[in-house]
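One structure is given here, and the rest of the page talks about it.
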2 protein chains.
Amino acid sequence: MKISALTLHSIAIADPPLRSSYGLHAPWALRTIVELETDDGVRGVSETYGGERPRAALEDIRGRVVGMDPFQLAGLYGDINREAVADAGVPGGRSQEWLVPGENPLDRHNRTFAAIEIACLDIIGKATGKPVCDVIGGRVRNRVSFSAYLFYKHAGGGGDGAYADEYGEVLDAPSAVRECRQMIAQYGFREIKLKGGVLDPPVEIETIRALRREFGGGVPLRIDPNCAWSVDTSVSIGELLREELAGGGYLEDPCPGLAGMSEVRRRLLAKGIDTPLASNVAVTSFAAVPEAKALDAVQIVLSDPHYWGGMRQVQYLSHLCGVLGMGLSMHSNSHLGVSLMAMTHVAAACPNLTYACDTHYPWQTAKDEIVAGGRIQFVDGAVEIPDKPGLGVELDYDQLARGRERYEKVPFRKRDDEAEMRKHVDPNWKRVLPRW
Amino acid sequence: MKISALTLHSIAIADPPLRSSYGLHAPWALRTIVELETDDGVRGVSETYGGERPRAALEDIRGRVVGMDPFQLAGLYGDINREAVADAGVPGGRSQEWLVPGENPLDRHNRTFAAIEIACLDIIGKATGKPVCDVIGGRVRNRVSFSAYLFYKHAGGGGDGAYADEYGEVLDAPSAVRECRQMIAQYGFREIKLKGGVLDPPVEIETIRALRREFGGGVPLRIDPNCAWSVDTSVSIGELLREELAGGGYLEDPCPGLAGMSEVRRRLLAKGIDTPLASNVAVTSFAAVPEAKALDAVQIVLSDPHYWGGMRQVQYLSHLCGVLGMGLSMHSNSHLGVSLMAMTHVAAACPNLTYACDTHYPWQTAKDEIVAGGRIQFVDGAVEIPDKPGLGVELDYDQLARGRERYEKVPFRKRDDEAEMRKHVDPNWKRVLPRW
């Protein structure tokens, strides 16, 4: 069994005007759908970052991929990462502080490999009649829980204006509660994550408190300002939200850098507050995990098969966090159903996954879904491992063609939340870290 | 696909009178051959520790294994290890200081799981037409190198006296060089490991020096006295063998315990000697790896799919050692071709395997081999991944029956090297650590 064809589909999907400390989501998010086919006619699929650079990186390894045995993935990983070793000395390591996911040159090898690995695992699953979670070692759960991923947002549904605005404007605590209520009613989520770092801290503090009042102590809460706060602000917010972030919640990347996170932790602990700190900014590579542990800067690492180097690397990360006594959660990016299923399968095969995963899925729509049969269903906030081989999804080629058409019409080829912010909200906006 | 049958074959194989700090090998080594069969007729095999207790542990999980999907291994691992958590508080952790491999109650869950996992991976390989190394992520090498594993020994070939004594008595430096020459001529090994802790240190030091004179600096040398030396003796031998253990060699478990190993390391480094310390005694569990790293007590961990919990756990160990900047080698025990192939497949799938693996294989004979077609071939000290599905071996059922017959005649049901030592060498012998 050899890979005989690699097909890349660059698509665009509508994305609402969501806010974060990086800026504003553009009306379109870009994704790349990767299709592999073997000489005996088995097809595998994956979904990864969109736009020019991720696609070019995949084109670069076409010659290495076509002709390879889809089982022999570790060799491909080694070949792709041979070049990456040279990156090790880059100042700042692999920090995601200033770069949106998919645009950090330091994890491009991992991203590129992951897109091939996931499609190969889909092939292996289909060839053996087994779900991918079982191909990679076996599920430890049949259902994977996700969080309600709340964003402050402007009015609008994204895209060309023909997309419904399900959630309307959300720029204060009451509208965030309304957004959450809607999302939970539709998906059944049982944990809540708020993307913060957008509004003045008192508004975000009040949002978390309002969510706690509305949903009660049984629904864990987290807030992720993506490094928008100083150490002092992080400590004082950690103190103010001491009760709200307890009971299964966490404080994610409150400030930039491991040293800052470590200081926040130390000062909170000195006040008797042990709210765990999570990160997908300061910790984006294996080398940073023991460092974060030694500094006690991070207690929960956010995995992601897309940029950590695929499903097996996420399993390694899960194991490493278990050995070091750290928790594991999962990061997400704007995505469709293929990514959602990849996230679900790897999450099902990670014994040490200790939190509900992030997902942007509620922010995308059926109109853009490329999975045959339409949107993946959530029950009680969870996605079930389907009783189907591979990832359990097939492509809808008509929908895929529509996605390619939209891509052709989109005027940009990479994500730039800062530019969008200047264009639509404030012509003088600049990303400042820390802002508060 | 479900497991429909689990068959256990307790066998005995001739074992020469090899010496170590544990005592003397009995004339027979005990092994258990595990056969699994699926409802669609695919058979998988593994080889594990022999005698009553390992077999009883496998019998205990028969009900959990029969009926299971051979792909869903992580669930089985979790179920078997649920009980193991209670072991965590046992004083001394999982140290292998006093117990021969296969008899340590603290890794029984890992050993039992491994025997099932390896047979399941053989099944998956056979069902998919792929070698096991590719089933678990893909090979990074096609050939796996092993070391010449030298033992001091008494005269005799082991067994019932009808086995040839290929190597004769080896109780000094010249005979050890002769043993090594013979072994290298036959197998082509390019690294050498001497099991020490048997004779007075000056004899063992002279043995290592004689090996260096005979084989030159291009053949890395290691010595493993299994904790027989005090910290002072370890430091002074490390100093005396400074040049001989350099260039890819190591000092393995010179003294007991992580604290002792750490002191040896510190004192050697203070003298400018950076001979790495390896361990499969002080480090036999994941929890001990970061501890060993923090103390700088161990620089190379010896893996082993049999007691570390199977192939995927060895992959996790390989990854963990890579992240922590530690080396990885592989431990061995008296074994036949099924174990050899399991070791070869997992070694082929571990990018961070940094040394040639141990193997006792030269100490066993074709007369006892249960693999169809006879003994596994070595070329230049390496075993090649066969172009066959699964582990790449089938059982010779006539040979297996002979192994079972031998087992019935053997008067003991567990390995006890101390008792053998008293019986055949010195009626007053006691294991003393450290002895020198």
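In the structure tokens, chains take the letters A, B, ... in the order shown, each chain's residues start at 1, and ligands count up from 1 in the order shown.
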Near chain A, meaning an atom within 9 Å, which residues of chain B appear when counting only C-alpha atoms? Write them as an mmCIF file with N, CA and C atoms, in the first residue's frame.
```
data_model
loop_
_atom_site.group_PDB
_atom_site.id
_atom_site.type_symbol
_atom_site.label_atom_id
_atom_site.label_comp_id
_atom_site.auth_asym_id
_atom_site.auth_seq_id
_atom_site.Cartn_x
_atom_site.Cartn_y
_atom_site.Cartn_z
ATOM 1 N N PRO B 70 -8.742 -6.445 19.673
ATOM 2 C CA PRO B 70 -7.284 -6.354 19.856
ATOM 3 C C PRO B 70 -6.715 -4.958 19.602
ATOM 4 N N PHE B 71 -7.485 -4.084 18.964
ATOM 5 C CA PHE B 71 -7.030 -2.708 18.758
ATOM 6 C C PHE B 71 -7.217 -1.855 20.024
ATOM 7 N N GLN B 72 -8.146 -2.234 20.875
ATOM 8 C CA GLN B 72 -8.479 -1.342 22.002
ATOM 9 C C GLN B 72 -7.610 -1.643 23.213
ATOM 10 N N LEU B 73 -6.320 -1.358 23.036
ATOM 11 C CA LEU B 73 -5.324 -1.741 24.033
ATOM 12 C C LEU B 73 -5.232 -0.745 25.186
ATOM 13 N N ALA B 74 -5.439 0.531 24.910
ATOM 14 C CA ALA B 74 -5.289 1.525 25.979
ATOM 15 C C ALA B 74 -6.324 1.304 27.083
ATOM 16 N N GLY B 75 -7.487 0.836 26.705
ATOM 17 C CA GLY B 75 -8.514 0.539 27.709
ATOM 18 C C GLY B 75 -8.082 -0.616 28.602
ATOM 19 N N LEU B 76 -7.492 -1.638 27.994
ATOM 20 C CA LEU B 76 -6.987 -2.783 28.765
ATOM 21 C C LEU B 76 -5.870 -2.325 29.697
ATOM 22 N N GLY B 78 -5.409 0.597 30.979
ATOM 23 C CA GLY B 78 -6.025 1.344 32.083
ATOM 24 C C GLY B 78 -6.658 0.412 33.098
ATOM 25 N N ILE B 124 -2.710 -7.414 14.804
ATOM 26 C CA ILE B 124 -3.027 -6.238 13.981
ATOM 27 C C ILE B 124 -2.120 -6.219 12.748
ATOM 28 N N ALA B 127 -3.313 -8.856 10.403
ATOM 29 C CA ALA B 127 -4.593 -8.493 9.780
ATOM 30 C C ALA B 127 -4.419 -7.396 8.729
ATOM 31 N N THR B 128 -3.397 -6.556 8.908
ATOM 32 C CA THR B 128 -3.214 -5.432 7.981
ATOM 33 C C THR B 128 -2.083 -5.692 6.991
ATOM 34 N N LYS B 130 1.092 -5.710 7.749
ATOM 35 C CA LYS B 130 2.196 -4.794 8.048
ATOM 36 C C LYS B 130 3.036 -5.309 9.213
ATOM 37 N N CYS B 133 6.409 -2.903 13.724
ATOM 38 C CA CYS B 133 7.051 -1.583 13.881
ATOM 39 C C CYS B 133 6.287 -0.509 13.114
ATOM 40 N N ASP B 134 5.664 -0.877 12.010
ATOM 41 C CA ASP B 134 4.895 0.102 11.243
ATOM 42 C C ASP B 134 3.496 0.301 11.823
ATOM 43 N N VAL B 135 2.955 -0.749 12.431
ATOM 44 C CA VAL B 135 1.643 -0.629 13.093
ATOM 45 C C VAL B 135 1.708 0.390 14.225
ATOM 46 N N ILE B 136 2.827 0.456 14.926
ATOM 47 C CA ILE B 136 2.918 1.338 16.100
ATOM 48 C C ILE B 136 3.486 2.716 15.762
ATOM 49 N N GLY B 137 3.522 3.066 14.504
ATOM 50 C CA GLY B 137 3.929 4.438 14.174
ATOM 51 C C GLY B 137 4.918 4.521 13.033
ATOM 52 N N GLY B 138 5.580 3.402 12.757
ATOM 53 C CA GLY B 138 6.502 3.409 11.622
ATOM 54 C C GLY B 138 7.942 3.303 12.066
ATOM 55 N N ARG B 139 8.679 2.489 11.322
ATOM 56 C CA ARG B 139 10.098 2.291 11.616
ATOM 57 C C ARG B 139 10.906 3.547 11.336
ATOM 58 N N VAL B 140 11.959 3.741 12.097
ATOM 59 C CA VAL B 140 12.947 4.768 11.767
ATOM 60 C C VAL B 140 14.272 4.109 11.399
ATOM 61 N N ARG B 141 14.301 2.785 11.472
ATOM 62 C CA ARG B 141 15.474 2.017 11.008
ATOM 63 C C ARG B 141 14.980 0.646 10.587
ATOM 64 N N PHE B 286 7.982 5.202 35.051
ATOM 65 C CA PHE B 286 8.004 6.557 34.482
ATOM 66 C C PHE B 286 8.246 7.616 35.558
ATOM 67 N N ALA B 287 7.681 7.407 36.735
ATOM 68 C CA ALA B 287 7.825 8.407 37.793
ATOM 69 C C ALA B 287 9.297 8.613 38.155
ATOM 70 N N VAL B 289 11.846 8.536 36.137
ATOM 71 C CA VAL B 289 12.677 9.126 35.080
ATOM 72 C C VAL B 289 12.971 10.616 35.351
ATOM 73 N N PRO B 290 11.939 11.449 35.568
ATOM 74 C CA PRO B 290 12.276 12.853 35.887
ATOM 75 C C PRO B 290 13.036 12.992 37.200
ATOM 76 N N ARG B 312 4.192 0.214 23.114
ATOM 77 C CA ARG B 312 3.844 1.641 23.094
ATOM 78 C C ARG B 312 4.402 2.354 24.325
ATOM 79 N N GLN B 315 7.797 3.217 23.537
ATOM 80 C CA GLN B 315 7.828 4.421 22.688
ATOM 81 C C GLN B 315 7.653 5.686 23.538
ATOM 82 N N TYR B 316 6.747 5.631 24.505
ATOM 83 C CA TYR B 316 6.584 6.790 25.409
ATOM 84 C C TYR B 316 7.881 7.050 26.171
ATOM 85 N N HIS B 319 10.382 8.691 23.949
ATOM 86 C CA HIS B 319 10.049 10.097 23.760
ATOM 87 C C HIS B 319 10.393 10.917 25.000
ATOM 88 N N LEU B 320 10.024 10.394 26.161
ATOM 89 C CA LEU B 320 10.292 11.096 27.424
ATOM 90 C C LEU B 320 11.792 11.326 27.600
ATOM 91 N N VAL B 323 12.897 14.100 25.356
ATOM 92 C CA VAL B 323 12.502 15.429 25.855
ATOM 93 C C VAL B 323 13.414 15.857 27.003
ATOM 94 N N LEU B 324 13.770 14.904 27.867
ATOM 95 C CA LEU B 324 14.585 15.237 29.036
ATOM 96 C C LEU B 324 16.082 15.210 28.731
ATOM 97 N N ALA B 349 11.078 1.327 16.009
ATOM 98 C CA ALA B 349 10.084 2.412 16.017
ATOM 99 C C ALA B 349 10.362 3.464 17.092
ATOM 100 N N CYS B 350 11.550 3.450 17.652
ATOM 101 C CA CYS B 350 11.931 4.447 18.675
ATOM 102 C C CYS B 350 13.036 5.347 18.134
ATOM 103 N N PRO B 351 12.696 6.579 17.703
ATOM 104 C CA PRO B 351 13.723 7.465 17.158
ATOM 105 C C PRO B 351 14.857 7.725 18.154
#
```
Problem set entry | Residues near Trp363 (chain A), cut-off 12 Å, only C-alpha atoms, skip fewer than 2 positions along chain, as number ranges by chain | A: 13-18, 25, 27-29, 148-151, 153, 156-159, 163-168, 179, 183, 187, 332-336, 359-361, 365-369, 375
For this session: Would you mind writing down, as a ChimeraX atom specification, each residue of region 10-164 of chain A that DSSP on the backbone assigns to alpha helix (DSSP H)?
Result: /A:52-60,62-65,73-82,108-128,132-135
Problem set entry | Option closest in space to Gln96 (chain A), from A:Gly373, A:Met326, A:Glu206, A:Leu258 [counting only C-alpha atoms] | A:Leu258
Exercise. Which polymer residues have any atom within 10 Å of an atom of Arg413 (chain B), counting only C-alpha atoms, with same-chain residues fewer than 5 positions away left out, as JSON, numbers by chain?
Worked result: {"B": [10, 12, 29, 30, 50, 51, 52, 53, 407, 408]}
For this session: For each of A:Ser46, A:Thr207, A:Gln399, A:Asn352, take the minimum atom-to-atom distance to Ile116 (chain A), counting only C-alpha atoms, then give the residue where this is smallest.
Result: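 Between A:Ser46, A:Thr207, A:Gln399, A:Asn352, the residue approaching Ile116 (chain A) most closely is A:Ser46.
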Problem set entry | Distance criterion (only C-alpha atoms): nearest to Thr32 (chain A) out of A:Gly217, A:Gly403, A:Pro434, A:Pro362 |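 Result for the nearest residue to Thr32 (chain A): A:Gly403.
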Problem set entry | Selection: 8 Å around Met341 (chain B), only C-alpha atoms, excl. self and same-chain fewer than 6 positions, as a list in words |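 The neighbour list is Leu391, Gly392 and Val393 of chain B.
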Selection to disk with N, CA and C atoms, as a short mmCIF file (atom, residue, chain, number, x, y, z; two decimals), in the first residue's frame:
```
data_model
loop_
_atom_site.label_atom_id
_atom_site.label_comp_id
_atom_site.auth_asym_id
_atom_site.auth_seq_id
_atom_site.Cartn_x
_atom_site.Cartn_y
_atom_site.Cartn_z
N LEU B 391 4.92 -9.65 13.91
CA LEU B 391 6.30 -9.77 14.40
C LEU B 391 7.18 -10.44 13.37
N GLY B 392 6.56 -11.13 12.42
CA GLY B 392 7.33 -11.78 11.35
C GLY B 392 7.76 -13.19 11.71
N VAL B 393 7.16 -13.75 12.76
CA VAL B 393 7.50 -15.13 13.15
C VAL B 393 6.24 -15.96 13.32
#
```
For this session: For Val219 (chain A), please output as a ChimeraX atom specification all residues within 8 Å (counting only C-alpha atoms; exclusion window: fewer than 4 positions along the same chain).
Result: /A:190-192,212,215
Problem set entry | Residue contacts of Leu199 (chain A) (10 Å, only C-alpha atoms) excluding same-chain residues fewer than 6 positions away, as a VMD selection string | chain A and resid 19 to 21 152 171 to 172 205 225 436
For this session: Pull the strand (DSSP E) assignments for region 94-239 of chain A out of DSSP run on the backbone, and list those residues as an NGL selection string.
Result: :A and (143-145 or 148-151 or 192-195 or 221-224)
Writer output for current selection, N, CA, C and O atoms, as a PDB file, in the first residue's frame:
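Output (again-v9.pdb):
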```
ATOM      1  N   ARG A 143     -16.841   9.037  24.194  1.00  0.00           N
ATOM      2  CA  ARG A 143     -17.390  10.368  23.939  1.00  0.00           C
ATOM      3  C   ARG A 143     -16.381  11.387  24.433  1.00  0.00           C
ATOM      4  O   ARG A 143     -15.822  11.231  25.520  1.00  0.00           O
ATOM      5  N   VAL A 144     -16.157  12.421  23.645  1.00  0.00           N
ATOM      6  CA  VAL A 144     -15.189  13.450  24.008  1.00  0.00           C
ATOM      7  C   VAL A 144     -15.938  14.757  24.276  1.00  0.00           C
ATOM      8  O   VAL A 144     -16.686  15.242  23.424  1.00  0.00           O
ATOM      9  N   SER A 145     -15.723  15.316  25.459  1.00  0.00           N
ATOM     10  CA  SER A 145     -16.418  16.543  25.856  1.00  0.00           C
ATOM     11  C   SER A 145     -15.686  17.786  25.364  1.00  0.00           C
ATOM     12  O   SER A 145     -14.455  17.841  25.402  1.00  0.00           O
ATOM     13  N   ALA A 148     -18.080  25.167  25.863  1.00  0.00           N
ATOM     14  CA  ALA A 148     -18.693  26.319  25.189  1.00  0.00           C
ATOM     15  C   ALA A 148     -17.594  27.371  25.091  1.00  0.00           C
ATOM     16  O   ALA A 148     -17.090  27.838  26.107  1.00  0.00           O
ATOM     17  N   TYR A 149     -17.192  27.688  23.872  1.00  0.00           N
ATOM     18  CA  TYR A 149     -16.057  28.608  23.676  1.00  0.00           C
ATOM     19  C   TYR A 149     -16.633  29.986  23.339  1.00  0.00           C
ATOM     20  O   TYR A 149     -16.953  30.268  22.181  1.00  0.00           O
ATOM     21  N   LEU A 150     -16.749  30.832  24.366  1.00  0.00           N
ATOM     22  CA  LEU A 150     -17.394  32.142  24.205  1.00  0.00           C
ATOM     23  C   LEU A 150     -16.405  33.189  23.716  1.00  0.00           C
ATOM     24  O   LEU A 150     -15.270  33.244  24.179  1.00  0.00           O
ATOM     25  N   PHE A 151     -16.868  34.025  22.813  1.00  0.00           N
ATOM     26  CA  PHE A 151     -16.074  35.165  22.329  1.00  0.00           C
ATOM     27  C   PHE A 151     -16.894  36.451  22.482  1.00  0.00           C
ATOM     28  O   PHE A 151     -18.097  36.456  22.253  1.00  0.00           O
ATOM     29  N   ILE A 192     -17.198  25.898  30.342  1.00  0.00           N
ATOM     30  CA  ILE A 192     -17.247  27.165  29.604  1.00  0.00           C
ATOM     31  C   ILE A 192     -15.868  27.794  29.549  1.00  0.00           C
ATOM     32  O   ILE A 192     -15.167  27.867  30.556  1.00  0.00           O
ATOM     33  N   LYS A 193     -15.488  28.244  28.348  1.00  0.00           N
ATOM     34  CA  LYS A 193     -14.249  29.005  28.201  1.00  0.00           C
ATOM     35  C   LYS A 193     -14.572  30.354  27.585  1.00  0.00           C
ATOM     36  O   LYS A 193     -15.222  30.428  26.541  1.00  0.00           O
ATOM     37  N   LEU A 194     -14.084  31.408  28.204  1.00  0.00           N
ATOM     38  CA  LEU A 194     -14.273  32.750  27.656  1.00  0.00           C
ATOM     39  C   LEU A 194     -12.958  33.249  27.087  1.00  0.00           C
ATOM     40  O   LEU A 194     -11.940  33.267  27.772  1.00  0.00           O
ATOM     41  N   LYS A 195     -12.986  33.642  25.818  1.00  0.00           N
ATOM     42  CA  LYS A 195     -11.823  34.304  25.232  1.00  0.00           C
ATOM     43  C   LYS A 195     -11.818  35.742  25.735  1.00  0.00           C
ATOM     44  O   LYS A 195     -12.710  36.530  25.411  1.00  0.00           O
ATOM     45  N   LEU A 221     -15.364  27.085  34.748  1.00  0.00           N
ATOM     46  CA  LEU A 221     -15.148  28.296  33.945  1.00  0.00           C
ATOM     47  C   LEU A 221     -13.654  28.539  33.727  1.00  0.00           C
ATOM     48  O   LEU A 221     -12.866  28.378  34.650  1.00  0.00           O
ATOM     49  N   ARG A 222     -13.310  28.971  32.524  1.00  0.00           N
ATOM     50  CA  ARG A 222     -11.933  29.412  32.283  1.00  0.00           C
ATOM     51  C   ARG A 222     -11.964  30.710  31.491  1.00  0.00           C
ATOM     52  O   ARG A 222     -12.899  30.965  30.748  1.00  0.00           O
ATOM     53  N   ILE A 223     -10.876  31.450  31.635  1.00  0.00           N
ATOM     54  CA  ILE A 223     -10.735  32.670  30.847  1.00  0.00           C
ATOM     55  C   ILE A 223      -9.343  32.691  30.240  1.00  0.00           C
ATOM     56  O   ILE A 223      -8.364  32.296  30.875  1.00  0.00           O
ATOM     57  N   ASP A 224      -9.284  33.133  28.975  1.00  0.00           N
ATOM     58  CA  ASP A 224      -8.020  33.096  28.222  1.00  0.00           C
ATOM     59  C   ASP A 224      -7.792  34.446  27.558  1.00  0.00           C
ATOM     60  O   ASP A 224      -8.276  34.696  26.451  1.00  0.00           O
TER      61      ASP A 224
END
```
For this session: Find the residues around Glu418 (chain B) up to 12 Å (only C-alpha atoms counted), leave out those fewer than 6 positions away in its own chain, and share them as an NGL selection string.
Result: :B and (19-26 or 98-100 or 424-432)
Go ahead and save the residues from that selection, with N, CA and C atoms, as a PDB file, in the first residue's frame.
```pdb
ATOM      1  N   ARG B  19      26.725 -16.012  35.577  1.00  0.00           N
ATOM      2  CA  ARG B  19      26.819 -15.366  36.886  1.00  0.00           C
ATOM      3  C   ARG B  19      26.443 -13.890  36.800  1.00  0.00           C
ATOM      4  N   SER B  20      25.868 -13.394  37.873  1.00  0.00           N
ATOM      5  CA  SER B  20      25.653 -11.947  38.015  1.00  0.00           C
ATOM      6  C   SER B  20      25.628 -11.662  39.505  1.00  0.00           C
ATOM      7  N   SER B  21      25.410 -10.415  39.869  1.00  0.00           N
ATOM      8  CA  SER B  21      25.383 -10.102  41.301  1.00  0.00           C
ATOM      9  C   SER B  21      24.164 -10.718  41.974  1.00  0.00           C
ATOM     10  N   TYR B  22      23.174 -11.142  41.169  1.00  0.00           N
ATOM     11  CA  TYR B  22      22.003 -11.819  41.742  1.00  0.00           C
ATOM     12  C   TYR B  22      22.337 -13.253  42.130  1.00  0.00           C
ATOM     13  N   GLY B  23      23.396 -13.820  41.546  1.00  0.00           N
ATOM     14  CA  GLY B  23      23.779 -15.206  41.835  1.00  0.00           C
ATOM     15  C   GLY B  23      24.101 -15.937  40.551  1.00  0.00           C
ATOM     16  N   LEU B  24      23.452 -17.085  40.376  1.00  0.00           N
ATOM     17  CA  LEU B  24      23.769 -17.996  39.263  1.00  0.00           C
ATOM     18  C   LEU B  24      22.489 -18.345  38.510  1.00  0.00           C
ATOM     19  N   HIS B  25      22.567 -18.344  37.191  1.00  0.00           N
ATOM     20  CA  HIS B  25      21.420 -18.817  36.405  1.00  0.00           C
ATOM     21  C   HIS B  25      21.229 -20.318  36.628  1.00  0.00           C
ATOM     22  N   ALA B  26      19.994 -20.730  36.813  1.00  0.00           N
ATOM     23  CA  ALA B  26      19.667 -22.155  36.919  1.00  0.00           C
ATOM     24  C   ALA B  26      19.860 -22.811  35.551  1.00  0.00           C
ATOM     25  N   TRP B  98      16.629  -5.838  44.395  1.00  0.00           N
ATOM     26  CA  TRP B  98      16.710  -7.153  45.030  1.00  0.00           C
ATOM     27  C   TRP B  98      15.992  -8.238  44.256  1.00  0.00           C
ATOM     28  N   LEU B  99      15.266  -7.895  43.240  1.00  0.00           N
ATOM     29  CA  LEU B  99      14.414  -8.898  42.587  1.00  0.00           C
ATOM     30  C   LEU B  99      14.851  -9.147  41.155  1.00  0.00           C
ATOM     31  N   VAL B 100      14.913 -10.404  40.769  1.00  0.00           N
ATOM     32  CA  VAL B 100      15.234 -10.707  39.375  1.00  0.00           C
ATOM     33  C   VAL B 100      14.055 -10.289  38.502  1.00  0.00           C
ATOM     34  N   HIS B 424      25.110 -24.735  43.822  1.00  0.00           N
ATOM     35  CA  HIS B 424      26.182 -25.193  42.929  1.00  0.00           C
ATOM     36  C   HIS B 424      27.546 -24.586  43.204  1.00  0.00           C
ATOM     37  N   VAL B 425      27.595 -23.453  43.876  1.00  0.00           N
ATOM     38  CA  VAL B 425      28.891 -22.773  43.995  1.00  0.00           C
ATOM     39  C   VAL B 425      29.347 -22.642  45.449  1.00  0.00           C
ATOM     40  N   ASP B 426      28.480 -22.146  46.301  1.00  0.00           N
ATOM     41  CA  ASP B 426      28.893 -21.857  47.672  1.00  0.00           C
ATOM     42  C   ASP B 426      27.664 -21.967  48.578  1.00  0.00           C
ATOM     43  N   PRO B 427      27.631 -22.987  49.435  1.00  0.00           N
ATOM     44  CA  PRO B 427      26.433 -23.223  50.261  1.00  0.00           C
ATOM     45  C   PRO B 427      26.115 -22.064  51.205  1.00  0.00           C
ATOM     46  N   ASN B 428      27.097 -21.188  51.423  1.00  0.00           N
ATOM     47  CA  ASN B 428      26.860 -20.060  52.335  1.00  0.00           C
ATOM     48  C   ASN B 428      26.654 -18.742  51.600  1.00  0.00           C
ATOM     49  N   TRP B 429      26.524 -18.807  50.272  1.00  0.00           N
ATOM     50  CA  TRP B 429      26.458 -17.569  49.483  1.00  0.00           C
ATOM     51  C   TRP B 429      25.202 -16.764  49.825  1.00  0.00           C
ATOM     52  N   LYS B 430      25.419 -15.488  49.982  1.00  0.00           N
ATOM     53  CA  LYS B 430      24.281 -14.582  50.186  1.00  0.00           C
ATOM     54  C   LYS B 430      24.496 -13.369  49.312  1.00  0.00           C
ATOM     55  N   ARG B 431      23.426 -12.826  48.802  1.00  0.00           N
ATOM     56  CA  ARG B 431      23.576 -11.591  48.041  1.00  0.00           C
ATOM     57  C   ARG B 431      23.815 -10.448  49.030  1.00  0.00           C
ATOM     58  N   VAL B 432      24.860  -9.697  48.796  1.00  0.00           N
ATOM     59  CA  VAL B 432      25.192  -8.560  49.647  1.00  0.00           C
ATOM     60  C   VAL B 432      25.342  -7.343  48.738  1.00  0.00           C
TER      61      VAL B 432
END
```
Exercise. Which value, in Å to one decimal, gives the distance between CA of Thr7 (chain B) and CA of Ile123 (chain B)?
Worked result: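 Going from CA of Thr7 (chain B) over to CA of Ile123 (chain B), I get 14.2 Å.
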